[in-house]
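Dropping start_25.txt in here (compact mmCIF, C-alpha atoms):
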# COMPACT_ATOMS: atom_id res chain seq x y z
CA MET A 16 131.02 179.13 -47.73
CA VAL A 17 132.45 175.63 -48.07
CA SER A 18 131.00 173.14 -45.61
CA LYS A 19 133.34 171.95 -42.86
CA LEU A 20 131.83 168.48 -43.08
CA ARG A 21 134.41 165.88 -43.99
CA ILE A 22 133.70 164.04 -47.24
CA GLY A 23 134.77 160.53 -48.16
CA TRP A 24 134.72 159.60 -51.85
CA ILE A 25 134.49 156.00 -53.08
CA GLY A 26 135.07 155.21 -56.77
CA LEU A 27 137.55 156.85 -59.14
CA GLY A 28 136.36 155.97 -62.63
CA HIS A 29 136.32 158.42 -65.57
CA MET A 30 133.65 160.57 -63.90
CA GLY A 31 134.36 159.90 -60.25
CA ILE A 32 137.86 161.31 -60.30
CA ILE A 33 136.70 164.52 -62.02
CA LEU A 34 133.87 165.16 -59.55
CA ALA A 35 136.08 164.38 -56.56
CA LYS A 36 138.62 166.89 -57.89
CA ASN A 37 135.84 169.47 -58.35
CA LEU A 38 135.10 169.23 -54.62
CA HIS A 39 138.77 169.31 -53.64
CA GLU A 40 139.39 172.39 -55.79
CA ALA A 41 136.33 174.05 -54.22
CA GLY A 42 138.00 173.69 -50.81
CA TYR A 43 136.13 170.70 -49.39
CA ASP A 44 137.91 168.43 -46.91
CA ILE A 45 137.83 165.25 -49.02
CA LYS A 46 139.59 161.91 -48.91
CA VAL A 47 139.18 159.25 -51.59
CA TRP A 48 139.22 155.47 -51.62
CA ASN A 49 139.25 153.08 -54.54
CA ARG A 50 139.27 149.28 -54.63
CA THR A 51 142.27 149.49 -56.98
CA LEU A 52 144.61 151.38 -54.66
CA SER A 53 146.89 152.65 -57.44
CA LYS A 54 144.04 154.79 -58.83
CA ALA A 55 143.72 156.55 -55.48
CA GLN A 56 147.49 156.98 -55.22
CA GLU A 57 147.73 158.42 -58.73
CA SER A 58 144.71 160.73 -58.39
CA GLY A 59 146.61 163.57 -56.74
CA LEU A 60 143.91 163.67 -54.04
CA PRO A 61 144.24 162.86 -50.33
CA TYR A 62 143.43 159.17 -50.04
CA GLU A 63 142.75 156.48 -47.48
CA GLU A 64 143.86 152.87 -47.97
CA ASP A 65 141.29 151.36 -45.61
CA LEU A 66 137.61 151.62 -46.56
CA ILE A 67 136.21 151.23 -43.05
CA LYS A 68 138.62 153.80 -41.63
CA LEU A 69 137.43 156.23 -44.30
CA ILE A 70 133.79 155.65 -43.29
CA LYS A 71 134.59 156.12 -39.58
CA GLU A 72 136.41 159.42 -40.14
CA ARG A 73 134.07 161.08 -42.65
CA ASP A 74 130.67 162.76 -42.18
CA ILE A 75 129.41 162.45 -45.77
CA ILE A 76 130.34 159.50 -47.97
CA ILE A 77 129.83 159.76 -51.74
CA THR A 78 129.95 156.69 -53.96
CA MET A 79 130.28 156.59 -57.74
CA LEU A 80 130.76 153.03 -58.95
CA PHE A 81 130.03 150.88 -62.02
CA GLY A 82 126.49 149.68 -61.35
CA SER A 83 124.05 147.93 -59.05
CA GLN A 84 126.27 145.02 -58.10
CA SER A 85 129.30 147.15 -57.20
CA SER A 86 127.16 149.61 -55.20
CA GLU A 87 125.39 146.86 -53.32
CA GLU A 88 128.69 145.10 -52.54
CA ILE A 89 130.28 148.27 -51.12
CA TYR A 90 127.28 149.19 -48.98
CA GLN A 91 126.92 145.62 -47.72
CA GLU A 92 130.62 145.63 -46.78
CA ILE A 93 130.09 148.85 -44.84
CA ILE A 94 127.07 147.44 -42.99
CA ASN A 95 128.82 144.14 -42.26
CA SER A 96 131.74 146.00 -40.66
CA GLY A 97 129.47 146.84 -37.73
CA ILE A 98 130.67 150.44 -37.41
CA ASN A 99 128.35 153.12 -36.06
CA LEU A 100 126.65 154.89 -38.99
CA LYS A 101 124.41 157.17 -36.97
CA SER A 102 124.39 160.78 -38.29
CA LYS A 103 126.37 159.83 -41.42
CA ILE A 104 125.02 160.80 -44.84
CA PHE A 105 125.63 158.55 -47.84
CA ILE A 106 125.18 159.87 -51.39
CA ASP A 107 125.24 157.44 -54.31
CA LEU A 108 125.93 158.98 -57.73
CA THR A 109 126.11 155.55 -59.40
CA THR A 110 123.58 154.73 -62.10
CA ILE A 111 121.85 151.75 -60.52
CA HIS A 112 118.63 149.80 -60.85
CA PRO A 113 115.76 151.52 -58.97
CA GLU A 114 115.18 148.40 -56.89
CA THR A 115 118.84 148.49 -55.82
CA ALA A 116 118.47 152.14 -54.78
CA LYS A 117 115.49 151.22 -52.60
CA LYS A 118 117.36 148.28 -51.08
CA ILE A 119 120.43 150.38 -50.24
CA ALA A 120 118.23 153.13 -48.75
CA GLU A 121 116.44 150.64 -46.51
CA LEU A 122 119.73 149.04 -45.46
CA LEU A 123 121.37 152.34 -44.48
CA ILE A 124 118.36 153.97 -42.84
CA SER A 125 117.70 150.88 -40.72
CA ASN A 126 121.28 151.24 -39.47
CA GLY A 127 120.89 154.89 -38.48
CA ALA A 128 122.36 156.57 -41.57
CA GLU A 129 120.80 158.90 -44.14
CA PHE A 130 120.83 158.19 -47.89
CA ILE A 131 120.50 160.32 -51.01
CA GLU A 132 120.12 158.66 -54.42
CA ALA A 133 121.72 161.07 -56.92
CA PRO A 134 122.54 159.76 -60.41
CA VAL A 135 123.93 162.37 -62.79
CA ILE A 136 123.28 162.96 -66.48
CA GLY A 137 126.29 163.85 -68.60
CA SER A 138 129.79 162.60 -69.31
CA VAL A 139 133.42 163.64 -68.87
CA ILE A 140 133.32 167.09 -70.55
CA PRO A 141 130.15 168.30 -68.77
CA ALA A 142 131.62 166.97 -65.51
CA GLN A 143 134.77 169.04 -66.03
CA ASN A 144 132.65 172.11 -66.83
CA LYS A 145 130.28 171.53 -63.90
CA GLU A 146 127.38 171.15 -66.32
CA LEU A 147 125.95 167.81 -65.25
CA ILE A 148 122.25 167.33 -64.53
CA ILE A 149 121.67 165.88 -61.08
CA LEU A 150 118.58 163.84 -60.18
CA ILE A 151 117.78 163.48 -56.48
CA SER A 152 115.64 161.03 -54.52
CA GLY A 153 115.42 160.80 -50.74
CA ASP A 154 114.57 162.90 -47.72
CA LYS A 155 114.17 166.51 -48.87
CA GLU A 156 115.66 167.96 -45.68
CA ILE A 157 118.81 165.84 -46.09
CA PHE A 158 119.02 166.92 -49.74
CA GLU A 159 118.79 170.59 -48.74
CA LYS A 160 121.53 170.04 -46.17
CA THR A 161 123.86 168.69 -48.89
CA GLU A 162 122.70 170.79 -51.85
CA GLU A 163 125.86 172.93 -51.96
CA ILE A 164 127.88 169.80 -52.77
CA PHE A 165 125.82 169.09 -55.87
CA LYS A 166 126.34 172.61 -57.19
CA ASN A 167 129.98 171.64 -57.79
CA PHE A 168 128.75 169.09 -60.35
CA GLY A 169 126.11 171.08 -62.22
CA LYS A 170 123.45 173.80 -62.03
CA ASP A 171 120.40 171.76 -63.03
CA ILE A 172 119.25 169.80 -59.99
CA PHE A 173 115.90 168.00 -59.97
CA TYR A 174 114.36 166.71 -56.76
CA MET A 175 112.41 163.58 -57.78
CA GLY A 176 110.89 162.45 -54.47
CA ASP A 177 110.81 158.80 -53.40
CA TYR A 178 113.73 156.40 -53.76
CA GLY A 179 113.90 154.79 -57.20
CA LYS A 180 112.48 157.75 -59.11
CA ALA A 181 115.86 159.41 -59.76
CA SER A 182 117.39 156.17 -61.04
CA THR A 183 114.35 155.47 -63.21
CA MET A 184 114.59 158.89 -64.87
CA LYS A 185 118.34 158.52 -65.39
CA LEU A 186 117.82 155.17 -67.10
CA ILE A 187 115.08 156.58 -69.34
CA ASN A 188 117.46 159.37 -70.32
CA ASN A 189 120.22 156.91 -71.15
CA ALA A 190 117.89 154.67 -73.13
CA VAL A 191 117.08 157.73 -75.25
CA LEU A 192 120.80 158.56 -75.47
CA GLY A 193 121.67 155.07 -76.71
CA SER A 194 118.82 155.04 -79.22
CA MET A 195 119.75 158.50 -80.54
CA MET A 196 123.40 157.49 -81.01
CA ALA A 197 122.23 154.42 -82.92
CA ILE A 198 119.92 156.37 -85.26
CA LEU A 199 122.58 159.04 -85.86
CA SER A 200 125.07 156.28 -86.74
CA GLU A 201 122.52 154.75 -89.08
CA GLY A 202 121.82 158.04 -90.85
CA ILE A 203 125.48 158.97 -91.18
CA LEU A 204 126.44 155.64 -92.71
CA PHE A 205 123.26 155.52 -94.82
CA GLY A 206 124.54 158.69 -96.50
CA LYS A 207 128.06 157.29 -96.79
CA LYS A 208 126.79 154.08 -98.41
CA ALA A 209 124.74 156.19 -100.84
CA GLY A 210 127.94 157.88 -102.03
CA ILE A 211 127.78 161.16 -100.12
CA PRO A 212 131.03 162.27 -98.41
CA LEU A 213 130.92 161.53 -94.70
CA ASP A 214 131.73 165.08 -93.59
CA THR A 215 128.96 166.42 -95.84
CA VAL A 216 126.44 163.99 -94.33
CA VAL A 217 127.43 165.05 -90.82
CA GLN A 218 127.26 168.77 -91.65
CA ILE A 219 123.79 168.49 -93.17
CA LEU A 220 122.39 166.29 -90.40
CA GLU A 221 123.78 168.73 -87.87
CA LYS A 222 121.79 171.55 -89.48
CA GLY A 223 118.77 169.36 -90.22
CA ALA A 224 116.95 166.53 -88.46
CA GLY A 225 120.06 165.36 -86.59
CA ASN A 226 120.64 168.74 -84.96
CA SER A 227 121.37 167.86 -81.33
CA GLY A 228 123.83 168.26 -78.51
CA LEU A 229 124.72 164.61 -79.02
CA LEU A 230 125.81 165.04 -82.64
CA LYS A 231 127.76 168.18 -81.74
CA ALA A 232 129.53 166.27 -78.98
CA LYS A 233 130.31 163.17 -81.04
CA LYS A 234 130.83 164.39 -84.62
CA GLU A 235 134.61 164.71 -84.31
CA LYS A 236 134.85 161.22 -82.85
CA ILE A 237 132.86 159.87 -85.80
CA LEU A 238 134.82 161.79 -88.44
CA GLU A 239 138.19 160.90 -86.92
CA ASN A 240 137.37 157.33 -85.78
CA ASP A 241 138.35 158.45 -82.28
CA TYR A 242 136.57 156.41 -79.64
CA SER A 243 138.61 157.48 -76.61
CA THR A 244 136.27 157.09 -73.69
CA GLN A 245 134.07 159.87 -72.38
CA PHE A 246 131.20 157.51 -71.49
CA SER A 247 131.99 153.86 -72.04
CA LEU A 248 129.87 151.62 -74.20
CA SER A 249 129.79 149.02 -71.38
CA LEU A 250 128.23 151.55 -68.99
CA LEU A 251 125.58 152.56 -71.51
CA HIS A 252 124.83 148.91 -72.30
CA LYS A 253 124.33 148.29 -68.57
CA ASP A 254 121.96 151.27 -68.31
CA ILE A 255 119.87 150.14 -71.28
CA CYS A 256 119.59 146.67 -69.71
CA TYR A 257 118.26 148.27 -66.52
CA ALA A 258 115.84 150.44 -68.52
CA GLN A 259 114.55 147.37 -70.33
CA ASP A 260 113.93 145.71 -66.94
CA ILE A 261 111.79 148.68 -65.87
CA ALA A 262 109.84 148.63 -69.15
CA LYS A 263 109.04 144.94 -68.69
CA LYS A 264 107.99 145.46 -65.07
CA ILE A 265 105.51 148.23 -65.92
CA ASN A 266 104.44 146.60 -69.21
CA PHE A 267 105.66 149.49 -71.37
CA PRO A 268 106.45 148.81 -75.07
CA ALA A 269 110.00 150.23 -75.17
CA ILE A 270 110.53 149.30 -78.83
CA PHE A 271 113.53 151.48 -79.65
CA THR A 272 115.14 150.67 -76.30
CA GLY A 273 114.97 146.98 -77.23
CA GLN A 274 116.53 147.60 -80.63
CA ALA A 275 119.27 149.73 -79.10
CA LEU A 276 120.01 146.98 -76.59
CA ASN A 277 120.55 144.50 -79.44
CA LEU A 278 123.05 146.85 -81.12
CA TYR A 279 125.01 147.60 -77.93
CA SER A 280 125.08 143.88 -77.10
CA SER A 281 126.56 143.29 -80.55
CA ALA A 282 129.15 146.00 -79.89
CA ARG A 283 130.17 144.29 -76.66
CA ALA A 284 130.48 141.00 -78.51
CA ASN A 285 132.84 142.81 -80.89
CA HIS A 286 135.07 143.92 -77.98
CA LEU A 287 134.06 147.60 -78.08
CA GLU A 288 132.86 147.74 -74.48
CA GLU A 289 135.68 149.92 -73.14
CA ARG A 290 135.46 152.41 -76.02
CA ASP A 291 133.25 155.48 -76.01
CA PHE A 292 129.65 154.57 -76.78
CA SER A 293 129.91 156.44 -80.12
CA ALA A 294 131.83 153.35 -81.25
CA ILE A 295 128.39 151.85 -81.95
CA ILE A 296 128.90 153.23 -85.47
CA GLU A 297 131.46 150.45 -85.99
CA ILE A 298 128.62 147.91 -85.80
CA TYR A 299 126.80 149.74 -88.59
CA LYS A 300 129.99 149.66 -90.66
CA LYS A 301 130.03 145.88 -90.31
CA LEU A 302 126.33 145.55 -91.13
CA ALA A 303 126.67 147.81 -94.20
CA ASN A 304 130.04 146.37 -95.31
CA ILE A 305 131.70 149.76 -95.04
CA GLU A 306 135.40 149.35 -94.35
CA GLU A 307 136.26 153.00 -93.84
CA ALA A 308 133.93 155.83 -92.85
CA SER A 309 136.22 158.75 -93.54

Show the structure stored in the file as structure tokens.
Amino acid sequence: MVSKLRIGWIGLGHMGIILAKNLHEAGYDIKVWNRTLSKAQESGLPYEEDLIKLIKERDIIITMLFGSQSSEEIYQEIINSGINLKSKIFIDLTTIHPETAKKIAELLISNGAEFIEAPVIGSVIPAQNKELIILISGDKEIFEKTEEIFKNFGKDIFYMGDYGKASTMKLINNAVLGSMMAILSEGILFGKKAGIPLDTVVQILEKGAGNSGLLKAKKEKILENDYSTQFSLSLLHKDICYAQDIAKKINFPAIFTGQALNLYSSARANHLEERDFSAIIEIYKKLANIEEAS
């Protein structure tokens, strides 16, 4: 049975709009808001123009924004409005710094609200197929009260405990993701530079040491030079920066994370930030003086 609780959704990026539509199609009473109003108007979903009115009228508010700064700004704006937040539940799906998650939790709870930190693992296609992995931190009773919502995003849900743990695990996952994409790009172009046809290199790596969900998901993009965005390079760069912060704080030698950060920083400097993160292969083309990878 679909909950009768009214949901407000804030943030309509590549993933946000898909997940909001998942809830709408499942029969949830949902209204959306986005700082760029045209995105809300064009979404095909019921929308609210005024953020504070949305908060007042909704029981559960879900946010999915760019990163720590955008999440903190939105939540601070909500607190500063002075509206009564008692009995409201806020769920943040944004990938943020663990310290930001703790700060937002403290801010909301001290003002009478409940907060669930819930970053998701996956990109556009898994979101459409309801195959995301959801990581949860916060009060377990509040999580159990809202669990049915998360099942519209994916089947694999991990309760992580205290605030900050879910974000930490998400960032570790994305540091691995970025490093794997970099090493796959290196191997693919290593073979190309050695005179082996690109499609042959990809086929063999897919059956050999490169066999992974990542290569299966990105091989067509690589072979066709198609970097239409499923998960933007700028978002992954942001996540690797956060992961590097955690590594420094706990004195962990995140060697490959550091190398990946250098490569994604170079990609941003080459104006690839709004492309899919598989566009990192373009940096290897430059480094190896390969003009065409097909």

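Atom CA of A:Val47 is positioned 6.1 Å from atom CA of A:Glu63.
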
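The space separating atom CA of A:Ile261 from atom CA of A:Thr115 comes to 12.3 Å.
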
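Using all atoms listed in the file, the smallest distance between any of A:Ala262, A:Leu27, A:Met79, A:Ile67 and A:Ile94 comes from A:Ile67.
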
Proximity to A:Gly31 - best of A:Thr183, A:Ser85, A:Gln143, A:Asn126, only C-alpha atoms
A:Gln143

A:Ile157 proximity check over A:Ile136, A:Phe173, A:Ile104, A:Gly127, using all atoms listed in the file: winner is A:Ile104

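Close contacts of A:Leu108, defined as residues with an atom at most 9 Å away when counting only C-alpha atoms, with chain neighbours fewer than 5 positions off set aside, comprise Gly31, Ile77, Thr78, Met79, Leu80, Ile131, Glu132, Ala133, Pro134, Val135 and Ile149 of chain A.
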
Around the point (121.8, 153.0, -75.9) (coordinates from the file), which residues reach within 6 Å if we count only C-alpha atoms? Answer as JSON, numbers by chain.
{"A": [190, 192, 193, 194, 251, 255, 275]}

Which centre and which edge lengths, in Å to one decimal, describe the axis-aligned box that holds all listed atoms of stretch 67-75 of chain A after 6 Å is added on each side, as AutoDock Vina command-line options?
--center_x 134.0 --center_y 157.0 --center_z -42.7 --size_x 21.2 --size_y 23.5 --size_z 18.2

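For the set A:Gln259, A:Ser83, A:Ser102, A:Asn304, the residue with the smallest atom-to-atom gap to A:Lys208 is A:Asn304, counting only C-alpha atoms.
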
Using only C-alpha atoms, which protein or nucleic acid residues come within 8 Å of A:Lys170? Drop anything in the same chain fewer than 5 positions from it, and give the result as a tab-separated table (two decimals) with C-alpha atoms, in the coordinates of the input.
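Saved the output as out.tsv:
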chain	number	residue	atom	x	y	z
A	145	LYS	CA	130.28	171.53	-63.90
A	146	GLU	CA	127.38	171.15	-66.32
A	147	LEU	CA	125.95	167.81	-65.25
A	148	ILE	CA	122.25	167.33	-64.53
